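Undergrad: What follows is query21.cif, mmCIF, C-alpha atoms and all ligand atoms.
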```
data_input
loop_
_atom_site.label_atom_id
_atom_site.label_comp_id
_atom_site.auth_asym_id
_atom_site.auth_seq_id
_atom_site.Cartn_x
_atom_site.Cartn_y
_atom_site.Cartn_z
CA MET A 1 145.92 110.59 92.84
CA ALA A 2 144.53 108.62 95.76
CA ASP A 3 141.66 106.20 95.14
CA TYR A 4 139.44 105.73 98.17
CA ARG A 5 137.43 102.75 96.92
CA ARG A 6 139.20 100.46 99.39
CA SER A 7 137.81 102.51 102.25
CA LEU A 8 134.20 101.77 101.33
CA PRO A 9 132.36 99.78 104.04
CA ALA A 10 131.64 96.05 103.62
CA VAL A 11 128.11 94.95 102.73
CA ASP A 12 127.59 93.33 106.14
CA ALA A 13 128.70 96.47 107.94
CA VAL A 14 126.04 98.48 106.12
CA LEU A 15 123.40 95.82 106.81
CA ARG A 16 124.18 95.97 110.53
CA GLU A 17 123.19 99.63 110.64
CA PRO A 18 120.08 99.79 112.88
CA GLU A 19 118.42 102.17 110.40
CA LEU A 20 117.97 99.27 107.96
CA ASN A 21 116.31 96.95 110.52
CA SER A 22 112.73 97.78 109.67
CA ALA A 23 113.45 97.58 105.94
CA VAL A 24 114.89 94.09 106.50
CA ASP A 25 111.75 93.16 108.48
CA SER A 26 109.36 94.24 105.75
CA LEU A 27 111.34 93.40 102.60
CA GLY A 28 113.56 90.54 103.74
CA HIS A 29 117.31 90.31 104.24
CA ASP A 30 118.11 89.16 100.68
CA PHE A 31 116.31 92.05 99.03
CA VAL A 32 118.00 94.72 101.16
CA LYS A 33 121.37 93.02 100.80
CA ALA A 34 121.04 93.01 97.00
CA ARG A 35 120.25 96.72 97.03
CA THR A 36 123.26 97.39 99.27
CA GLN A 37 125.55 95.38 97.01
CA ALA A 38 124.26 97.27 93.98
CA ALA A 39 124.85 100.64 95.65
CA LEU A 40 128.42 99.65 96.56
CA GLU A 41 129.05 98.25 93.10
CA LEU A 42 128.03 101.57 91.58
CA LEU A 43 130.56 103.38 93.80
CA ARG A 44 133.30 100.92 92.81
CA GLN A 45 132.86 101.42 89.08
CA ASN A 46 135.10 104.52 88.94
CA PRO A 47 138.07 105.67 91.06
CA LEU A 48 136.90 107.60 94.13
CA PRO A 49 138.94 110.83 94.44
CA SER A 50 137.69 111.46 98.00
CA PRO A 51 136.47 109.16 100.80
CA GLY A 52 133.09 107.63 99.91
CA PRO A 53 130.10 107.35 102.24
CA ASP A 54 130.56 105.47 105.51
CA ALA A 55 128.22 102.69 106.64
CA PRO A 56 125.60 104.93 108.33
CA SER A 57 125.29 107.34 105.40
CA LEU A 58 125.19 104.48 102.89
CA ALA A 59 122.40 102.88 104.96
CA ALA A 60 120.49 106.16 104.90
CA GLN A 61 120.93 106.46 101.16
CA ILE A 62 119.74 102.89 100.53
CA LEU A 63 116.73 103.52 102.74
CA THR A 64 115.64 106.53 100.66
CA ASP A 65 116.04 104.47 97.46
CA LEU A 66 113.88 101.63 98.76
CA PRO A 67 110.10 101.38 98.77
CA PRO A 68 107.88 102.98 100.10
CA ALA A 69 108.47 104.86 96.90
CA PRO A 70 104.90 104.21 95.74
CA THR A 71 105.90 102.03 92.79
CA THR A 72 108.92 101.21 90.68
CA LEU A 73 106.86 101.91 87.54
CA HIS A 74 107.79 105.28 86.07
CA GLN A 75 105.49 107.97 84.77
CA VAL A 76 106.55 108.10 81.10
CA ILE A 77 105.85 110.57 78.31
CA ASN A 78 104.77 108.77 75.14
CA ALA A 79 106.44 110.69 72.29
CA SER A 80 106.42 107.64 69.99
CA GLY A 81 103.57 108.83 67.77
CA ILE A 82 101.62 105.67 68.64
CA ILE A 83 98.49 106.48 70.61
CA VAL A 84 97.92 103.09 72.23
CA HIS A 85 101.43 101.78 72.93
CA THR A 86 101.37 98.28 74.41
CA ASN A 87 104.86 98.54 75.95
CA LEU A 88 103.80 101.78 77.62
CA GLY A 89 100.72 100.30 79.27
CA ARG A 90 98.25 100.95 76.42
CA ALA A 91 95.58 103.58 77.12
CA PRO A 92 96.39 106.27 79.67
CA LEU A 93 93.34 106.77 81.89
CA SER A 94 91.16 109.88 81.86
CA ASP A 95 91.20 112.14 84.92
CA GLY A 96 87.72 110.84 85.67
CA ALA A 97 88.91 107.23 85.64
CA LYS A 98 91.87 108.07 87.87
CA ALA A 99 89.56 109.80 90.34
CA ALA A 100 87.18 106.83 90.23
CA ILE A 101 89.99 104.43 91.11
CA GLN A 102 90.96 106.58 94.07
CA HIS A 103 87.29 106.75 95.12
CA ALA A 104 86.75 102.99 94.88
CA SER A 105 90.01 101.96 96.49
CA GLY A 106 88.63 101.76 100.01
CA VAL A 107 85.59 99.80 101.19
CA THR A 108 82.90 99.92 98.49
CA ASP A 109 79.47 98.49 97.72
CA VAL A 110 80.79 96.59 94.67
CA GLU A 111 78.59 93.56 95.49
CA MET A 112 75.99 94.96 97.87
CA ASP A 113 72.67 96.73 97.43
CA LEU A 114 72.79 99.37 100.15
CA THR A 115 69.00 99.73 100.40
CA THR A 116 68.36 96.06 101.13
CA GLY A 117 71.76 95.24 102.60
CA ARG A 118 71.84 92.11 100.46
CA ARG A 119 74.32 90.78 97.94
CA ALA A 120 73.93 92.41 94.52
CA PRO A 121 75.42 91.59 91.13
CA ARG A 122 79.05 92.62 91.01
CA GLY A 123 79.69 95.92 89.22
CA ALA A 124 76.04 96.28 88.20
CA ALA A 125 76.28 100.04 87.61
CA THR A 126 79.26 99.72 85.27
CA ILE A 127 77.60 96.91 83.37
CA ASN A 128 74.31 98.84 83.05
CA THR A 129 76.19 101.82 81.67
CA LEU A 130 77.93 99.72 79.02
CA GLU A 131 74.67 98.01 78.09
CA ARG A 132 72.89 101.34 77.65
CA VAL A 133 75.70 102.80 75.51
CA VAL A 134 75.75 99.93 73.05
CA GLY A 135 71.96 99.92 72.91
CA GLY A 136 70.54 96.90 74.58
CA ALA A 137 72.92 93.93 74.48
CA SER A 138 73.82 92.41 77.86
CA ALA A 139 77.41 92.72 79.04
CA HIS A 140 79.90 90.70 81.04
CA LEU A 141 83.40 91.81 82.08
CA VAL A 142 86.60 89.80 82.41
CA ASN A 143 90.29 90.52 82.87
CA ASN A 144 91.17 91.22 79.22
CA GLY A 145 90.37 90.30 75.63
CA ALA A 146 92.31 87.05 75.86
CA ALA A 147 90.32 86.04 78.96
CA ALA A 148 87.09 86.74 77.08
CA ILE A 149 88.13 84.38 74.28
CA ILE A 150 88.99 81.66 76.79
CA LEU A 151 85.69 82.05 78.62
CA ALA A 152 83.77 81.87 75.33
CA CYS A 153 85.61 78.65 74.39
CA HIS A 154 84.92 77.00 77.73
CA ALA A 155 81.30 78.07 77.99
CA MET A 156 80.27 77.68 74.34
CA ALA A 157 82.52 75.03 72.77
CA SER A 158 83.94 72.78 75.48
CA LYS A 159 85.10 69.41 74.15
CA GLY A 160 84.10 70.51 70.68
CA ASN A 161 85.43 72.68 67.88
CA ILE A 162 85.20 76.22 66.63
CA ILE A 163 85.61 77.45 63.07
CA LEU A 164 88.18 80.11 62.21
CA SER A 165 89.34 81.53 58.87
CA ARG A 166 93.02 81.09 57.96
CA GLY A 167 93.04 84.80 57.22
CA GLU A 168 92.24 85.60 60.84
CA MET A 169 94.82 83.52 62.71
CA VAL A 170 96.29 86.55 64.47
CA GLU A 171 99.39 86.87 66.63
CA ILE A 172 98.43 89.59 69.14
CA GLY A 173 101.95 90.48 70.30
CA ASP A 174 104.88 89.26 72.41
CA GLY A 175 104.52 85.87 70.69
CA PHE A 176 100.94 85.28 71.89
CA ARG A 177 98.66 83.85 69.23
CA ILE A 178 94.89 83.62 69.25
CA PRO A 179 94.83 80.07 67.76
CA GLU A 180 97.20 78.80 70.47
CA LEU A 181 95.15 80.55 73.14
CA ILE A 182 92.04 78.75 71.88
CA GLU A 183 93.77 75.37 71.66
CA SER A 184 95.02 75.77 75.24
CA THR A 185 91.38 75.42 76.32
CA GLY A 186 91.12 71.98 74.70
CA VAL A 187 88.90 73.28 71.91
CA GLU A 188 89.81 72.14 68.40
CA ILE A 189 90.10 74.75 65.64
CA ARG A 190 88.68 73.92 62.23
CA GLU A 191 90.63 76.16 59.88
CA VAL A 192 88.75 77.26 56.79
CA GLY A 193 89.54 79.31 53.69
CA THR A 194 92.94 80.71 52.77
CA THR A 195 95.10 83.59 53.95
CA ASN A 196 93.50 86.01 51.52
CA ARG A 197 90.01 84.64 50.86
CA THR A 198 87.36 82.79 52.83
CA HIS A 199 83.82 82.17 51.58
CA VAL A 200 80.59 81.55 53.42
CA THR A 201 80.50 78.01 51.97
CA ASP A 202 83.86 77.31 53.66
CA TYR A 203 82.29 78.06 57.03
CA LEU A 204 79.04 76.20 56.37
CA GLY A 205 80.89 73.12 55.12
CA ALA A 206 82.95 72.89 58.30
CA ILE A 207 80.05 72.91 60.76
CA ASP A 208 79.33 69.59 62.47
CA GLU A 209 77.46 68.53 65.61
CA ASP A 210 80.50 69.37 67.80
CA THR A 211 80.86 72.93 66.52
CA GLY A 212 80.47 75.45 69.36
CA PHE A 213 80.68 78.61 67.30
CA ILE A 214 82.21 80.42 64.33
CA LEU A 215 84.87 82.89 65.45
CA LYS A 216 85.50 86.07 63.47
CA VAL A 217 88.70 87.84 64.55
CA HIS A 218 89.33 91.42 63.53
CA THR A 219 92.77 91.63 61.91
CA SER A 220 93.56 94.46 64.27
CA ASN A 221 97.32 94.76 63.74
CA PHE A 222 97.84 94.03 60.03
CA ARG A 223 96.17 94.49 56.67
CA VAL A 224 95.92 92.15 53.71
CA GLU A 225 95.47 93.95 50.40
CA GLY A 226 94.75 92.87 46.84
CA PHE A 227 92.69 89.78 45.97
CA THR A 228 90.98 89.37 49.32
CA GLY A 229 87.59 88.44 50.63
CA GLU A 230 86.01 87.75 53.98
CA VAL A 231 82.46 86.96 54.94
CA PRO A 232 80.55 89.79 56.62
CA ILE A 233 79.21 89.00 60.11
CA GLN A 234 75.69 89.68 58.88
CA GLU A 235 75.90 86.99 56.22
CA LEU A 236 77.41 84.45 58.63
CA ALA A 237 74.77 85.21 61.24
CA THR A 238 72.00 84.66 58.69
CA GLU A 239 73.42 81.54 57.08
CA ALA A 240 75.06 79.61 59.91
CA THR A 241 73.26 77.27 62.29
CA VAL A 242 75.79 77.88 65.09
CA PRO A 243 76.51 81.06 67.07
CA VAL A 244 78.87 83.69 65.64
CA VAL A 245 81.44 85.19 68.03
CA ALA A 246 83.16 88.39 66.89
CA ASP A 247 86.48 89.37 68.48
CA ILE A 248 86.73 93.00 67.36
CA GLY A 249 89.79 93.83 69.46
CA SER A 250 89.80 97.59 69.54
CA GLY A 251 87.05 98.37 72.02
CA LEU A 252 85.10 101.03 70.14
CA LEU A 253 81.57 100.88 71.54
CA LEU A 254 80.13 103.04 68.75
CA PRO A 255 81.42 103.96 65.28
CA HIS A 256 84.27 106.51 65.23
CA PRO A 257 84.20 109.17 62.48
CA ARG A 258 87.97 109.17 62.06
CA LEU A 259 88.25 105.37 61.90
CA PRO A 260 85.49 104.33 59.48
CA ASN A 261 86.85 100.81 58.93
CA GLU A 262 87.30 99.95 62.60
CA PRO A 263 84.54 97.67 63.90
CA ASP A 264 82.48 98.77 66.91
CA VAL A 265 80.31 96.88 69.37
CA ARG A 266 76.92 98.32 68.52
CA THR A 267 77.25 97.81 64.77
CA THR A 268 78.58 94.27 65.25
CA VAL A 269 75.75 93.33 67.63
CA ASN A 270 73.22 94.79 65.20
CA ALA A 271 74.80 92.81 62.37
CA GLY A 272 73.76 89.69 64.23
CA ALA A 273 76.87 88.52 66.12
CA ASP A 274 75.81 86.39 69.09
CA LEU A 275 78.79 87.49 71.17
CA VAL A 276 81.11 90.49 70.68
CA ILE A 277 84.49 90.63 72.45
CA THR A 278 86.70 93.73 72.86
CA SER A 279 89.49 95.09 75.07
CA GLY A 280 89.07 97.95 77.54
CA ASP A 281 92.49 99.54 77.20
CA LYS A 282 92.75 100.11 73.46
CA LEU A 283 90.52 102.58 71.63
CA LEU A 284 88.00 102.65 74.46
CA GLY A 285 90.75 104.41 76.43
CA GLY A 286 90.09 102.69 79.73
CA PRO A 287 91.65 100.13 82.09
CA GLN A 288 92.72 96.63 81.06
CA ALA A 289 89.52 94.58 80.72
CA GLY A 290 87.71 92.22 78.38
CA LEU A 291 84.20 93.32 77.44
CA MET A 292 81.67 90.73 76.23
CA PHE A 293 78.30 91.67 74.75
CA GLY A 294 75.43 89.43 73.70
CA ALA A 295 71.89 88.25 74.35
CA SER A 296 70.93 88.03 78.00
CA ASP A 297 70.68 84.22 78.18
CA LEU A 298 74.16 83.74 76.71
CA ILE A 299 75.67 86.43 78.94
CA HIS A 300 73.98 84.81 81.94
CA ARG A 301 75.65 81.51 81.04
CA LEU A 302 79.04 83.22 80.83
CA ARG A 303 78.53 84.93 84.19
CA ARG A 304 77.65 81.64 85.89
CA HIS A 305 80.50 79.61 84.36
CA PRO A 306 83.03 78.53 87.05
CA LEU A 307 85.86 80.13 85.09
CA ALA A 308 84.14 83.53 85.25
CA ARG A 309 85.23 83.70 88.88
CA ALA A 310 88.89 83.28 87.95
CA LEU A 311 88.70 85.89 85.22
CA ARG A 312 86.63 88.54 86.99
CA VAL A 313 87.68 92.18 87.20
CA ASP A 314 88.37 93.96 90.46
CA LYS A 315 86.55 96.96 91.87
CA LEU A 316 89.22 99.40 90.63
CA THR A 317 88.70 98.25 87.05
CA LEU A 318 84.93 98.51 87.39
CA ALA A 319 85.21 102.04 88.71
CA ALA A 320 87.68 103.14 86.04
CA LEU A 321 85.66 101.57 83.24
CA GLU A 322 82.44 103.32 84.27
CA ALA A 323 84.23 106.68 84.47
CA THR A 324 85.93 106.05 81.12
CA VAL A 325 82.55 105.66 79.45
CA THR A 326 80.56 108.35 81.29
CA GLY A 327 83.29 110.80 82.30
CA PRO A 328 85.48 113.38 80.58
CA THR A 329 87.12 112.75 77.20
CA THR A 330 89.81 110.08 77.40
CA PRO A 331 93.40 110.88 76.39
CA VAL A 332 93.01 108.37 73.52
CA ALA A 333 89.92 110.16 72.19
CA ARG A 334 91.62 113.53 72.63
CA ALA A 335 94.70 112.38 70.70
CA LEU A 336 92.47 111.09 67.90
CA ALA A 337 90.69 114.44 67.73
CA THR A 338 93.74 116.74 67.64
CA THR A 339 94.57 118.47 64.40
CA ARG A 340 97.93 118.97 62.79
CA VAL A 341 97.49 122.75 63.20
CA GLU A 342 97.24 122.38 66.99
CA LEU A 343 100.15 119.97 67.10
CA ARG A 344 102.30 122.30 65.00
CA GLN A 345 101.58 125.23 67.33
CA ARG A 346 102.57 123.14 70.34
CA ALA A 347 105.72 121.84 68.62
CA GLU A 348 106.84 125.33 67.65
CA LYS A 349 106.23 126.61 71.16
CA ILE A 350 108.29 123.74 72.56
CA ALA A 351 111.08 124.29 70.00
CA GLY A 352 111.20 128.00 70.96
CA GLN A 353 111.92 127.09 74.61
CA LEU A 354 114.70 124.59 73.92
CA LYS A 355 118.42 125.14 74.50
CA ILE A 356 119.14 123.06 71.41
CA ALA A 357 117.96 123.72 67.87
CA ALA A 358 115.11 121.36 66.96
CA THR A 359 113.25 121.33 63.66
CA VAL A 360 109.51 120.78 63.50
CA GLU A 361 108.17 118.46 60.80
CA ASP A 362 104.87 116.92 59.79
CA SER A 363 104.73 113.24 60.68
CA VAL A 364 102.38 110.30 60.46
CA GLY A 365 101.34 108.58 63.67
CA ALA A 366 99.25 105.48 64.31
CA VAL A 367 96.57 104.21 66.65
CA GLY A 368 98.69 101.16 67.57
CA GLY A 369 97.95 98.47 70.15
CA GLY A 370 95.49 96.50 68.05
CA GLY A 371 93.46 99.18 66.34
CA ALA A 372 93.08 100.73 62.91
CA PRO A 373 96.12 99.09 61.27
CA GLY A 374 97.51 101.07 58.37
CA VAL A 375 95.34 104.10 59.11
CA PRO A 376 97.64 107.14 59.02
CA ILE A 377 97.01 109.73 61.74
CA GLU A 378 98.36 113.19 60.88
CA SER A 379 100.86 114.39 63.42
CA VAL A 380 103.92 116.58 64.03
CA HIS A 381 107.31 115.77 65.53
CA LEU A 382 110.40 117.59 66.76
CA VAL A 383 113.74 116.35 65.45
CA LEU A 384 116.68 115.94 67.85
CA PRO A 385 120.03 114.16 67.51
CA ALA A 386 119.71 110.39 68.04
CA ASP A 387 122.13 110.47 70.97
CA TYR A 388 119.40 112.24 72.99
CA ALA A 389 117.33 109.04 73.02
CA VAL A 390 118.97 107.23 75.95
CA PRO A 391 119.36 110.23 78.29
CA LEU A 392 115.76 111.25 77.57
CA ARG A 393 114.49 107.73 78.33
CA THR A 394 116.44 107.58 81.56
CA GLY A 395 115.85 111.14 82.76
CA SER A 396 113.78 112.15 85.78
CA VAL A 397 110.57 111.90 83.70
CA PRO A 398 111.37 109.47 80.87
CA VAL A 399 110.45 110.72 77.39
CA VAL A 400 110.15 107.87 74.87
CA GLY A 401 110.58 108.99 71.27
CA HIS A 402 111.39 107.11 68.09
CA VAL A 403 114.93 106.77 66.72
CA LYS A 404 115.25 106.76 62.95
CA GLY A 405 118.83 106.74 61.62
CA ASP A 406 120.69 109.60 63.30
CA ARG A 407 117.50 111.41 64.32
CA LEU A 408 115.38 111.16 67.45
CA LEU A 409 111.76 111.99 66.65
CA ILE A 410 109.69 113.43 69.47
CA ASP A 411 106.13 113.01 68.21
CA LEU A 412 103.40 115.02 69.92
CA LEU A 413 100.38 112.94 68.84
CA ALA A 414 100.19 110.94 72.07
CA VAL A 415 101.67 113.60 74.35
CA ASP A 416 99.07 115.31 76.52
CA PRO A 417 99.30 119.12 76.14
CA SER A 418 99.77 119.37 79.92
CA GLU A 419 103.02 117.41 79.48
CA ASP A 420 104.60 119.88 77.03
CA PRO A 421 106.47 121.80 79.79
CA ILE A 422 107.93 118.50 81.02
CA VAL A 423 109.13 117.68 77.51
CA VAL A 424 110.89 121.09 77.43
CA GLN A 425 112.39 120.55 80.87
CA GLU A 426 113.66 117.05 80.07
CA ILE A 427 115.20 118.00 76.72
CA ASN A 428 116.86 121.05 78.26
CA ALA A 429 118.22 118.92 81.09
CA VAL A 430 119.96 116.72 78.50
CA ALA A 431 121.10 119.77 76.47
CA SER A 432 122.86 121.33 79.44
CA ASN A 433 124.74 118.15 80.37
C1 LIG B 501 94.22 93.06 71.40
C2 LIG B 501 93.45 91.95 70.83
C3 LIG B 501 93.19 90.79 71.58
C4 LIG B 501 93.75 90.59 72.97
O1 LIG B 501 93.15 91.44 73.88
P1 LIG B 501 93.89 91.71 75.29
O2 LIG B 501 92.95 92.67 75.96
O3 LIG B 501 95.21 92.27 74.97
O4 LIG B 501 93.96 90.42 75.99
C5 LIG B 501 92.44 89.79 71.01
N1 LIG B 501 91.96 89.94 69.78
C6 LIG B 501 92.17 91.03 69.02
C7 LIG B 501 91.60 91.10 67.66
C8 LIG B 501 92.92 92.08 69.53
O5 LIG B 501 93.14 93.17 68.78
#
```
Just give me the structure as structure tokens.
TA:
Amino acid sequence: MADYRRSLPAVDAVLREPELNSAVDSLGHDFVKARTQAALELLRQNPLPSPGPDAPSLAAQILTDLPPAPTTLHQVINASGIIVHTNLGRAPLSDGAKAAIQHASGVTDVEMDLTTGRRAPRGAATINTLERVVGGASAHLVNNGAAAIILACHAMASKGNIILSRGEMVEIGDGFRIPELIESTGVEIREVGTTNRTHVTDYLGAIDEDTGFILKVHTSNFRVEGFTGEVPIQELATEATVPVVADIGSGLLLPHPRLPNEPDVRTTVNAGADLVITSGDKLLGGPQAGLMFGASDLIHRLRRHPLARALRVDKLTLAALEATVTGPTTPVARALATTRVELRQRAEKIAGQLKIAATVEDSVGAVGGGGAPGVPIESVHLVLPADYAVPLRTGSVPVVGHVKGDRLLIDLLAVDPSEDPIVVQEINAVASN
């Protein structure tokens, strides 16, 4: 049988096609050349039984594969059973937040009072909303939780030390550790207590004239059980002569009935913490952001610190955050509120439409992404053969499940009901291949 690979055009011949000129102008010669080489390489991987594309048609094909596809990020269906999945971009935004981003993406009054025409505090409406929800504390916003910790260190402990329990020296993920983050600011950490137990006297004994604050970090991604003890914020706030900063991680503004042990901003402020730090894209269900709450004079100091400028959030984040708090239920909140009965009905409906037999089983999901560690969330999954995992992840709408042994588990906890037909379509596409 003839193999036509030798008749494929050379890279330079394709690049000379006038159609690619404007792509070369906007993306650069190297970028377009790499794409062309990759397209040719793909054609060379197997024998070509008939003549392959010539230079003009290859140029046309490369052009359709190039931006302006809006982004190379894919819309993905999260069938992992983990509601806030860090590798999948944490919280999916509510429809309200998506609309707000669209609305704010043009020219906006983010730093102008339209009645006076003068400069106004950045994102004042979003900040006012957050302050009202948590019941009175002042708020400041930065890029994420890690940025909030850094800003607190610089503004409240520069050239000094902070006190942190050995039981709260948390690695957040991807090798990033809170103690190393703090030390990168030049602040010294005075470690107190042990892995399992820290007493109020440990904290009080470590305070000296260079102590900026005591840091309490919520152990948001692990649990220590057995002979354990930590000092409640309230006790620290009463006993200590230095400020208490609470990094609660998850982003709950108010207590959540289904997560009774997860700290929230309002309760932590009321317990006497001087500063409370949380993330925007975990349980709050909003965009990536670091939320800081405290008394107005402290928050004012944070806002005026030079570093605040480098850590500030953009107008799209401000818009999305406001809509997350005031707008329709977030996907994270909806997932937390679904019952196993609803999930089972959806799973059985999906299974009934599949071209492959799939069993439906009860499962146990998780909040994930730095929230409610060890708290089981009742869920339901469909069971498929494990060799469906790769084609489903690389299909036209990637579906990311969880492989366990020879089974692929498609968990519905974090799948929006509106995505169920896509799950059916994607599984059936694999089944008919
Ligand atoms: C997630 C988390 C952080 C980091 O927040 P980012 O928004 O990811 O920067 C810090 N502390 C705790 C306790 C967390 O759970």
Undergrad: Point out the residue among A:Ala206, A:Leu275, A:Val110, A:Val76 with the least atom-to-atom distance to Arg90 of chain A, counting all atoms listed in the file.
TA: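 Closest residue, counting all atoms listed in the file: A:Val76.
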Undergrad: Each residue of chain A lying at most 6 Å from ligand LIG 501 (chain B) should get a row with its shortest atom-to-atom pair and the distance in Å to one decimal, counting all atoms listed in the file; could you produce that, ordered by chain and increasing number, as CSV?
TA:
```
residue,atom,partner,partner_atom,distance
A:Asn144,CA,B:LIG501,O2,4.0
A:Gly145,CA,B:LIG501,O1,3.5
A:Ala146,CA,B:LIG501,O4,3.8
A:Ile172,CA,B:LIG501,C2,5.8
A:Val217,CA,B:LIG501,C7,5.4
A:His218,CA,B:LIG501,C7,4.7
A:Thr219,CA,B:LIG501,C7,5.9
A:Ser220,CA,B:LIG501,O5,4.7
A:Asp247,CA,B:LIG501,C7,5.5
A:Ile248,CA,B:LIG501,C7,5.2
A:Gly249,CA,B:LIG501,O5,3.5
A:Ser250,CA,B:LIG501,O5,5.6
A:Ser279,CA,B:LIG501,O2,4.3
A:Gly290,CA,B:LIG501,O2,5.8
A:Gly370,CA,B:LIG501,O5,4.1
```
Undergrad: Of the candidates A:Asn87, A:Asn143, A:Asn261, A:Ser94, which shows the shortest atom-to-atom distance to Ala372 of chain A, using all atoms listed in the file?
TA: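 Closest to Ala372 of chain A, using all atoms listed in the file: A:Asn261.
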Undergrad: Please report the interatomic distance between atom CA of Glu19 of chain A and atom CA of Pro49 of chain A in Å with one decimal.
TA: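 Straight-line distance from atom CA of Glu19 of chain A to atom CA of Pro49 of chain A works out to 27.4 Å.
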Undergrad: Box along x, y and z, 6 Å on every side, all listed atoms of segment 219-225 of chain A inside: centre and edge lengths in Å to one decimal, as JSON.
TA:
```
{"center_x": 95.3, "center_y": 93.2, "center_z": 57.3, "size_x": 17.1, "size_y": 15.1, "size_z": 25.9}
```
Undergrad: Could you check how far atom CA of Glu378 of chain A sits from atom CA of Ala289 of chain A, in Å to one decimal?
TA: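 Going from atom CA of Glu378 of chain A over to atom CA of Ala289 of chain A covers 28.6 Å.
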Undergrad: Could you name the residues that touch segment 303-307 of chain A at 10 Å or less, counting only C-alpha atoms, but leaving out those on the same chain fewer than 6 positions away, as a PyMOL selection string?
TA: chain A and resi 139-142+147+150-152+154-155+297
Undergrad: Which is closest to Val399 of chain A among A:Gly81, A:Gly28, A:Pro51, A:Gly352, if we use only C-alpha atoms?
TA: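 Among the listed residues, A:Gly81 lies closest to Val399 of chain A.
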Undergrad: Write out as a list in words the residues lying within 9 Å of Thr185 of chain A, counting all atoms listed in the file and excluding same-chain residues fewer than 4 positions away.
TA: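 Near neighbours after the sequence-gap exclusion: Ile150, Cys153, His154, Ser158, Lys159, Glu180 and Leu181 of chain A.
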Undergrad: Just want the 12 Å neighbourhood of Asp202 of chain A, counted on all atoms listed in the file, with same-chain residues fewer than 6 positions away dropped. Output as an mmCIF file with C-alpha atoms, keeping the file's coordinate frame.
TA:
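The resulting result-v9.cif:
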```cif
data_model
loop_
_atom_site.group_PDB
_atom_site.id
_atom_site.type_symbol
_atom_site.label_atom_id
_atom_site.label_comp_id
_atom_site.auth_asym_id
_atom_site.auth_seq_id
_atom_site.Cartn_x
_atom_site.Cartn_y
_atom_site.Cartn_z
ATOM 1 C CA ILE A 163 85.610 77.450 63.070
ATOM 2 C CA LEU A 164 88.180 80.110 62.210
ATOM 3 C CA SER A 165 89.340 81.530 58.870
ATOM 4 C CA ARG A 166 93.020 81.090 57.960
ATOM 5 C CA ARG A 190 88.680 73.920 62.230
ATOM 6 C CA GLU A 191 90.630 76.160 59.880
ATOM 7 C CA VAL A 192 88.750 77.260 56.790
ATOM 8 C CA GLY A 193 89.540 79.310 53.690
ATOM 9 C CA THR A 194 92.940 80.710 52.770
ATOM 10 C CA ILE A 214 82.210 80.420 64.330
ATOM 11 C CA GLU A 230 86.010 87.750 53.980
ATOM 12 C CA VAL A 231 82.460 86.960 54.940
ATOM 13 C CA LEU A 236 77.410 84.450 58.630
ATOM 14 C CA GLU A 239 73.420 81.540 57.080
ATOM 15 C CA ALA A 240 75.060 79.610 59.910
#
```
Undergrad: I'd like the interatomic distance between atom CA of Val325 of chain A and atom CA of Gly401 of chain A, to a tenth of an Å.
TA: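 Answer for the atom CA of Val325 of chain A to atom CA of Gly401 of chain A separation: 29.4 Å.
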Undergrad: Could you tell me which of A:Arg44, A:Arg393, A:His199, A:Arg266 comes closest to Thr278 of chain A if we count only C-alpha atoms?
TA: A:Arg266
